[in-house]
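K.L.:
Got data39.txt for you, compact mmCIF, C-alpha atoms:
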# COMPACT_ATOMS: atom_id res chain seq x y z
CA MET Q 1 0.00 0.00 0.00
CA ASN Q 2 1.39 3.42 -0.98
CA ASN Q 3 1.49 6.13 1.66
CA LYS Q 4 2.69 9.67 2.35
CA LEU Q 5 4.14 8.79 5.72
CA LYS Q 6 7.72 9.81 4.95
CA GLU Q 7 6.82 13.24 3.61
CA LEU Q 8 4.38 13.88 6.47
CA ARG Q 9 6.99 12.80 9.01
CA THR Q 10 9.76 14.93 7.53
CA ALA Q 11 7.34 17.90 7.37
CA LEU Q 12 7.05 17.60 11.16
CA LYS Q 13 10.88 17.25 11.35
CA MET Q 14 10.55 13.90 13.03
CA THR Q 15 12.89 10.96 12.65
CA GLN Q 16 11.60 7.40 12.28
CA ALA Q 17 12.67 6.82 15.88
CA ASP Q 18 10.72 9.89 17.07
CA LEU Q 19 7.60 8.73 15.27
CA ALA Q 20 8.02 5.19 16.59
CA THR Q 21 8.32 6.47 20.17
CA THR Q 22 5.30 8.77 19.76
CA LEU Q 23 3.12 5.96 18.39
CA GLU Q 24 4.56 3.25 20.70
CA VAL Q 25 5.80 0.95 17.93
CA SER Q 26 9.27 -0.11 16.82
CA ARG Q 27 11.35 1.95 14.38
CA GLN Q 28 11.36 -1.12 12.13
CA THR Q 29 7.56 -0.94 11.95
CA ILE Q 30 7.68 2.71 10.81
CA ASN Q 31 10.43 1.90 8.30
CA ALA Q 32 8.52 -1.10 6.89
CA ILE Q 33 5.31 0.95 6.53
CA GLU Q 34 7.15 3.82 4.80
CA LYS Q 35 8.71 1.37 2.35
CA GLY Q 36 5.33 -0.21 1.66
CA LYS Q 37 6.49 -3.58 2.97
CA PHE Q 38 3.97 -3.73 5.80
CA ASP Q 39 0.40 -2.45 6.12
CA PRO Q 40 -0.43 -0.99 9.53
CA SER Q 41 -3.33 -2.19 11.65
CA LEU Q 42 -6.45 -0.04 11.80
CA PRO Q 43 -5.63 1.27 15.34
CA LEU Q 44 -2.16 2.33 14.14
CA ALA Q 45 -3.64 3.95 11.03
CA PHE Q 46 -5.93 5.99 13.31
CA LYS Q 47 -2.90 7.03 15.38
CA PHE Q 48 -1.22 8.32 12.19
CA SER Q 49 -4.44 10.09 11.29
CA ARG Q 50 -4.66 11.86 14.66
CA LEU Q 51 -0.97 12.78 14.67
CA PHE Q 52 -0.94 14.25 11.17
CA LYS Q 53 -4.50 15.63 11.48
CA LEU Q 54 -5.47 14.04 8.17
CA PRO Q 55 -8.06 11.42 7.20
CA ILE Q 56 -6.64 7.91 6.81
CA GLU Q 57 -7.38 7.84 3.08
CA GLU Q 58 -5.19 10.92 2.58
CA ILE Q 59 -2.24 9.20 4.26
CA PHE Q 60 -2.67 5.74 2.75
CA ASP Q 61 -3.54 5.02 -0.84
CA ASP Q 62 -5.05 1.68 -1.80
CA GLU Q 63 -3.28 0.79 -5.06
CA GLU Q 64 -6.40 -0.94 -6.40
CA ASN Q 65 -8.31 2.37 -6.56
CA MET J 66 26.25 -5.50 11.16
CA ASN J 67 24.57 -6.81 7.99
CA LYS J 68 20.87 -7.52 7.50
CA PHE J 69 21.27 -11.25 8.17
CA GLU J 70 23.01 -10.65 11.50
CA GLN J 71 20.40 -8.05 12.46
CA ALA J 72 17.65 -10.52 11.57
CA CYS J 73 19.25 -13.29 13.66
CA ILE J 74 19.41 -11.21 16.81
CA ASP J 75 16.51 -9.14 18.10
CA LYS J 76 17.98 -5.79 17.02
CA GLY J 77 15.25 -3.19 16.67
CA LEU J 78 12.75 -4.82 19.00
CA VAL J 79 11.13 -2.59 21.57
CA PRO J 80 12.24 -3.24 25.20
CA LYS J 81 8.84 -4.74 26.12
CA ASP J 82 9.15 -7.33 23.32
CA ILE J 83 12.72 -8.20 24.34
CA LYS J 84 11.59 -8.70 27.95
CA ASN J 85 8.60 -10.85 26.94
CA ALA J 86 10.72 -12.84 24.46
CA ASN J 87 13.35 -13.49 27.15
CA ILE J 88 10.63 -14.72 29.53
CA ALA J 89 9.24 -17.02 26.82
CA ASN J 90 12.75 -18.28 25.99
CA ALA J 91 13.44 -19.01 29.66
CA TRP J 92 10.22 -21.06 29.94
CA ALA J 93 10.98 -22.86 26.66
CA LEU J 94 14.42 -23.74 28.02
CA ALA J 95 12.86 -24.96 31.29
CA TRP J 96 10.38 -27.06 29.29
CA ALA J 97 13.15 -28.60 27.13
CA LEU J 98 15.32 -29.31 30.20
CA SER J 99 12.41 -30.91 32.06
CA LEU J 100 11.63 -33.08 29.01
CA ALA J 101 15.28 -34.14 28.67
CA GLY J 102 15.72 -34.72 32.41
CA ILE J 103 12.53 -36.71 32.86
CA SER J 104 13.21 -38.77 29.72
CA TYR J 105 16.78 -39.49 30.89
CA ALA J 106 15.52 -40.54 34.31
CA ALA J 107 13.00 -42.88 32.67
CA ASP J 108 15.72 -44.40 30.46
CA GLN J 109 17.89 -45.00 33.54
CA SER J 110 14.93 -46.64 35.35
CA TRP J 111 15.18 -44.14 38.21
CA TYR J 112 11.44 -44.15 38.75
CA ASP J 113 10.59 -46.79 41.31
CA SER J 114 7.08 -45.67 42.19
CA ILE J 115 4.01 -44.49 40.37
CA ALA J 116 3.95 -41.36 42.56
CA ILE J 117 7.34 -40.18 41.25
CA ILE J 118 6.27 -40.84 37.64
CA LEU J 119 3.07 -38.85 38.15
CA ALA J 120 4.99 -36.02 39.86
CA ALA J 121 7.49 -35.81 36.97
CA PHE J 122 4.61 -35.87 34.47
CA ALA J 123 2.77 -33.12 36.39
CA ILE J 124 5.89 -30.91 36.57
CA HIS J 125 6.55 -31.23 32.84
CA LEU J 126 2.89 -30.62 32.00
CA ALA J 127 2.74 -27.56 34.30
CA ILE J 128 5.85 -26.05 32.70
CA GLY J 129 4.38 -26.74 29.24
CA ILE J 130 1.08 -25.05 30.08
CA LYS J 131 2.91 -22.04 31.54
CA LEU J 132 5.04 -21.84 28.37
CA ILE J 133 1.88 -21.74 26.20
CA PHE J 134 0.46 -18.79 28.17
CA VAL J 135 3.79 -16.92 28.33
CA PHE J 136 4.24 -17.30 24.55
CA ARG J 137 0.64 -16.24 23.93
CA ASN J 138 1.29 -13.17 26.07
CA PHE J 139 4.43 -12.37 24.06
CA ILE J 140 2.50 -12.59 20.76
CA LYS J 141 -0.44 -10.54 22.08
CA GLN J 142 1.74 -7.71 23.41
CA ALA J 143 4.30 -7.73 20.58
CA ASP J 144 4.90 -4.78 18.30
CA GLU J 145 2.57 -5.31 15.33
CA LEU J 146 5.32 -5.89 12.77
CA GLU J 147 7.04 -8.38 15.08
CA ARG J 148 3.68 -10.10 15.71
CA LYS J 149 3.20 -10.56 11.96
CA ILE J 150 6.72 -11.97 11.60
CA GLN J 151 6.16 -14.38 14.51
CA LEU J 152 2.75 -15.55 13.24
CA ASP J 153 4.09 -16.03 9.70
CA ALA J 154 7.02 -18.04 11.13
CA LEU J 155 4.62 -20.16 13.21
CA ALA J 156 2.44 -20.85 10.16
CA PHE J 157 5.53 -21.75 8.13
CA SER J 158 6.89 -24.10 10.81
CA VAL J 159 3.56 -25.89 11.28
CA GLY J 160 3.25 -26.25 7.51
CA VAL J 161 6.78 -27.65 7.19
CA VAL J 162 6.11 -30.23 9.93
CA ILE J 163 2.78 -31.35 8.43
CA VAL J 164 4.16 -31.60 4.89
CA SER J 165 7.40 -33.32 5.91
CA PHE J 166 5.68 -35.86 8.20
CA SER J 167 2.87 -36.64 5.77
CA SER J 168 5.41 -37.10 2.96
CA TYR J 169 7.60 -39.30 5.17
CA SER J 170 4.57 -41.41 6.17
CA ILE J 171 4.12 -42.30 2.48
CA LEU J 172 7.76 -43.38 2.33
CA GLU J 173 7.29 -45.43 5.51
CA LYS J 174 4.48 -47.41 3.86
CA SER J 175 6.46 -48.09 0.72
CA PHE J 176 10.04 -48.52 1.90
CA GLU J 177 12.05 -49.73 4.89
CA VAL J 178 12.88 -46.38 6.49
CA PRO J 179 13.51 -45.53 10.16
CA GLU J 180 10.42 -44.57 12.14
CA LEU J 181 10.10 -40.84 12.85
CA SER J 182 10.16 -39.95 16.53
CA PRO J 183 8.38 -36.96 18.12
CA SER J 184 11.78 -35.46 18.98
CA ILE J 185 12.55 -35.17 15.24
CA MET J 186 9.27 -33.31 14.85
CA LEU J 187 10.30 -30.83 17.58
CA VAL J 188 13.69 -30.27 15.93
CA ILE J 189 12.12 -29.70 12.49
CA LEU J 190 9.52 -27.37 14.03
CA SER J 191 12.19 -25.35 15.87
CA ILE J 192 14.48 -25.03 12.84
CA ALA J 193 11.61 -24.04 10.53
CA TYR J 194 10.42 -21.48 13.11
CA MET J 195 13.89 -19.92 13.37
CA VAL J 196 14.25 -19.84 9.58
CA GLY J 197 10.80 -18.24 9.31
CA ILE J 198 11.70 -15.50 11.79
CA ILE J 199 15.05 -14.71 10.14
CA VAL J 200 13.53 -14.64 6.63
CA GLY J 201 10.55 -12.57 7.87
CA ARG J 202 12.81 -9.99 9.52
CA ARG J 203 15.04 -9.78 6.45
CA LEU J 204 12.06 -9.19 4.16
CA VAL J 205 10.86 -6.11 6.04
CA ARG J 206 14.23 -4.41 6.61
Would you mind giving the structure from this file in structure tokens?
P.N.:
Amino acid sequence: MNNKLKELRTALKMTQADLATTLEVSRQTINAIEKGKFDPSLPLAFKFSRLFKLPIEEIFDDEEN
Amino acid sequence: MNKFEQACIDKGLVPKDIKNANIANAWALAWALSLAGISYAADQSWYDSIAIILAAFAIHLAIGIKLIFVFRNFIKQADELERKIQLDALAFSVGVVIVSFSSYSILEKSFEVPELSPSIMLVILSIAYMVGIIVGRRLVR
């Protein structure tokens, strides 16, 4: 699944480690999501949504659509 | 440190996962030691009463049950990427054991081959599980 996580994170001047700490996941999880190798759970997607103040569908893009 | 080495060790895991994994590993070690010790004692004919046999059985069973709950706790509380890696590795290891044993059972019916013991199953399961974890961690790095 494509996503804008990296650009949103860098816009907030956060490192992967900062984001991981804020959202209580591992840095590897953030890295894997940014690279499109792992799709986050719905609760984690909502955490991204609240942090970046954007709807989930603006952060994540389902390739099928 | 290359990706393979990072995948072999638990580099990158959150402290809570490392703590829970260490607890699960300690119980798995206790379970394996109790199995080896009780089996060795049985081979040496050290059990001279039914009470001792039942006590040894109860101890091993209790450690096994505790291990199941500790491992379940580790999976439930794990970081979501690590949980996926662990569950994929478990599915892979169970699949490898089922396929290898069912295939071997066909050979057993057709040829004179040594009988497979449960200990072989545990070894295959453990190796496949470790391979699954290492491959899973490498794929997401």
K.L.:
Using all atoms listed in the file, determine which residues lie at most 12 Å from range 16-22 of chain Q, disregarding the query and same-chain residues fewer than 3 positions distant; provide the list as JSON, numbers by chain.
P.N.:
{"Q": [5, 6, 7, 8, 9, 10, 12, 13, 25, 26, 27, 28, 29, 30, 31, 32, 33, 34, 35, 44, 47, 48, 50, 51, 52], "J": [77, 78, 79, 80, 144, 145]}
K.L.:
For C-alpha atoms, I'd like the residues from the last selection saved as an mmCIF file, in the coordinates of the input.
P.N.:
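Saved result, selection33.cif, follows:
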data_model
loop_
_atom_site.group_PDB
_atom_site.id
_atom_site.type_symbol
_atom_site.label_atom_id
_atom_site.label_comp_id
_atom_site.auth_asym_id
_atom_site.auth_seq_id
_atom_site.Cartn_x
_atom_site.Cartn_y
_atom_site.Cartn_z
ATOM 1 C CA LEU Q 5 4.140 8.790 5.720
ATOM 2 C CA LYS Q 6 7.720 9.810 4.950
ATOM 3 C CA GLU Q 7 6.820 13.240 3.610
ATOM 4 C CA LEU Q 8 4.380 13.880 6.470
ATOM 5 C CA ARG Q 9 6.990 12.800 9.010
ATOM 6 C CA THR Q 10 9.760 14.930 7.530
ATOM 7 C CA LEU Q 12 7.050 17.600 11.160
ATOM 8 C CA LYS Q 13 10.880 17.250 11.350
ATOM 9 C CA VAL Q 25 5.800 0.950 17.930
ATOM 10 C CA SER Q 26 9.270 -0.110 16.820
ATOM 11 C CA ARG Q 27 11.350 1.950 14.380
ATOM 12 C CA GLN Q 28 11.360 -1.120 12.130
ATOM 13 C CA THR Q 29 7.560 -0.940 11.950
ATOM 14 C CA ILE Q 30 7.680 2.710 10.810
ATOM 15 C CA ASN Q 31 10.430 1.900 8.300
ATOM 16 C CA ALA Q 32 8.520 -1.100 6.890
ATOM 17 C CA ILE Q 33 5.310 0.950 6.530
ATOM 18 C CA GLU Q 34 7.150 3.820 4.800
ATOM 19 C CA LYS Q 35 8.710 1.370 2.350
ATOM 20 C CA LEU Q 44 -2.160 2.330 14.140
ATOM 21 C CA LYS Q 47 -2.900 7.030 15.380
ATOM 22 C CA PHE Q 48 -1.220 8.320 12.190
ATOM 23 C CA ARG Q 50 -4.660 11.860 14.660
ATOM 24 C CA LEU Q 51 -0.970 12.780 14.670
ATOM 25 C CA PHE Q 52 -0.940 14.250 11.170
ATOM 26 C CA GLY J 77 15.250 -3.190 16.670
ATOM 27 C CA LEU J 78 12.750 -4.820 19.000
ATOM 28 C CA VAL J 79 11.130 -2.590 21.570
ATOM 29 C CA PRO J 80 12.240 -3.240 25.200
ATOM 30 C CA ASP J 144 4.900 -4.780 18.300
ATOM 31 C CA GLU J 145 2.570 -5.310 15.330
#
K.L.:
What is the distance between CA of Gln142 in chain J and CA of Asp82 in chain J, in Å to one decimal?
P.N.:
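One can read the CA of Gln142 in chain J to CA of Asp82 in chain J distance as 7.4 Å.
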K.L.:
For each of J:Leu126, J:Ile163, J:Ile83, J:Leu181, take the minimum atom-to-atom distance to chain Q, counting all atoms listed in the file, then give the residue where this is smallest.
P.N.:
J:Ile83
K.L.:
What lies within 10 Å of Val162 in chain J using all atoms listed in the file, ignoring chain neighbours under 3 positions off, as a ChimeraX atom specification?
P.N.:
/J:157-159,165-168,185-191,193
K.L.:
What's around range 135-139 of chain J at 7 Å? Count only C-alpha atoms, leave out sequence neighbours fewer than 3 positions away in its own chain, and write the answer as a compact mmCIF listing (two decimals) with C-alpha atoms, keeping the file's coordinate frame.
P.N.:
# COMPACT_ATOMS: atom_id res chain seq x y z
CA ASP J 82 9.15 -7.33 23.32
CA ASN J 85 8.60 -10.85 26.94
CA ALA J 86 10.72 -12.84 24.46
CA ALA J 89 9.24 -17.02 26.82
CA LYS J 131 2.91 -22.04 31.54
CA LEU J 132 5.04 -21.84 28.37
CA GLN J 142 1.74 -7.71 23.41
CA ALA J 143 4.30 -7.73 20.58
K.L.:
Could you check the closest approach to chain Q for each of J:Lys174, J:Arg148, J:Arg206, J:His125 and tell me which residue wins, using only C-alpha atoms?
P.N.:
J:Arg206
K.L.:
Ranking J:Asp113, J:Glu180, J:Glu147, J:Glu173 by minimum distance to chain Q and counting only C-alpha atoms, which one comes first?
P.N.:
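Using only C-alpha atoms, chain Q sits closest to J:Glu147.
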K.L.:
Give me, please, the distance in Å between CA of Val161 in chain J and CA of Lys37 in chain Q, quoted to one decimal.
P.N.:
24.4 Å
K.L.:
With a distance cut-off of 12 Å and only C-alpha atoms, select the neighbouring residues of Ala127 in chain J, excluding the residue or stretch itself and same-chain residues fewer than 5 positions from it, and output the selection as a PyMOL selection string.
P.N.:
chain J and resi 92+95-96+99-100+119-122+132-134
K.L.:
One number please: CA of Ala107 in chain J to CA of Ser182 in chain J, in Å, one decimal.
P.N.:
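Spanning CA of Ala107 in chain J to CA of Ser182 in chain J is a straight-line distance of 16.6 Å.
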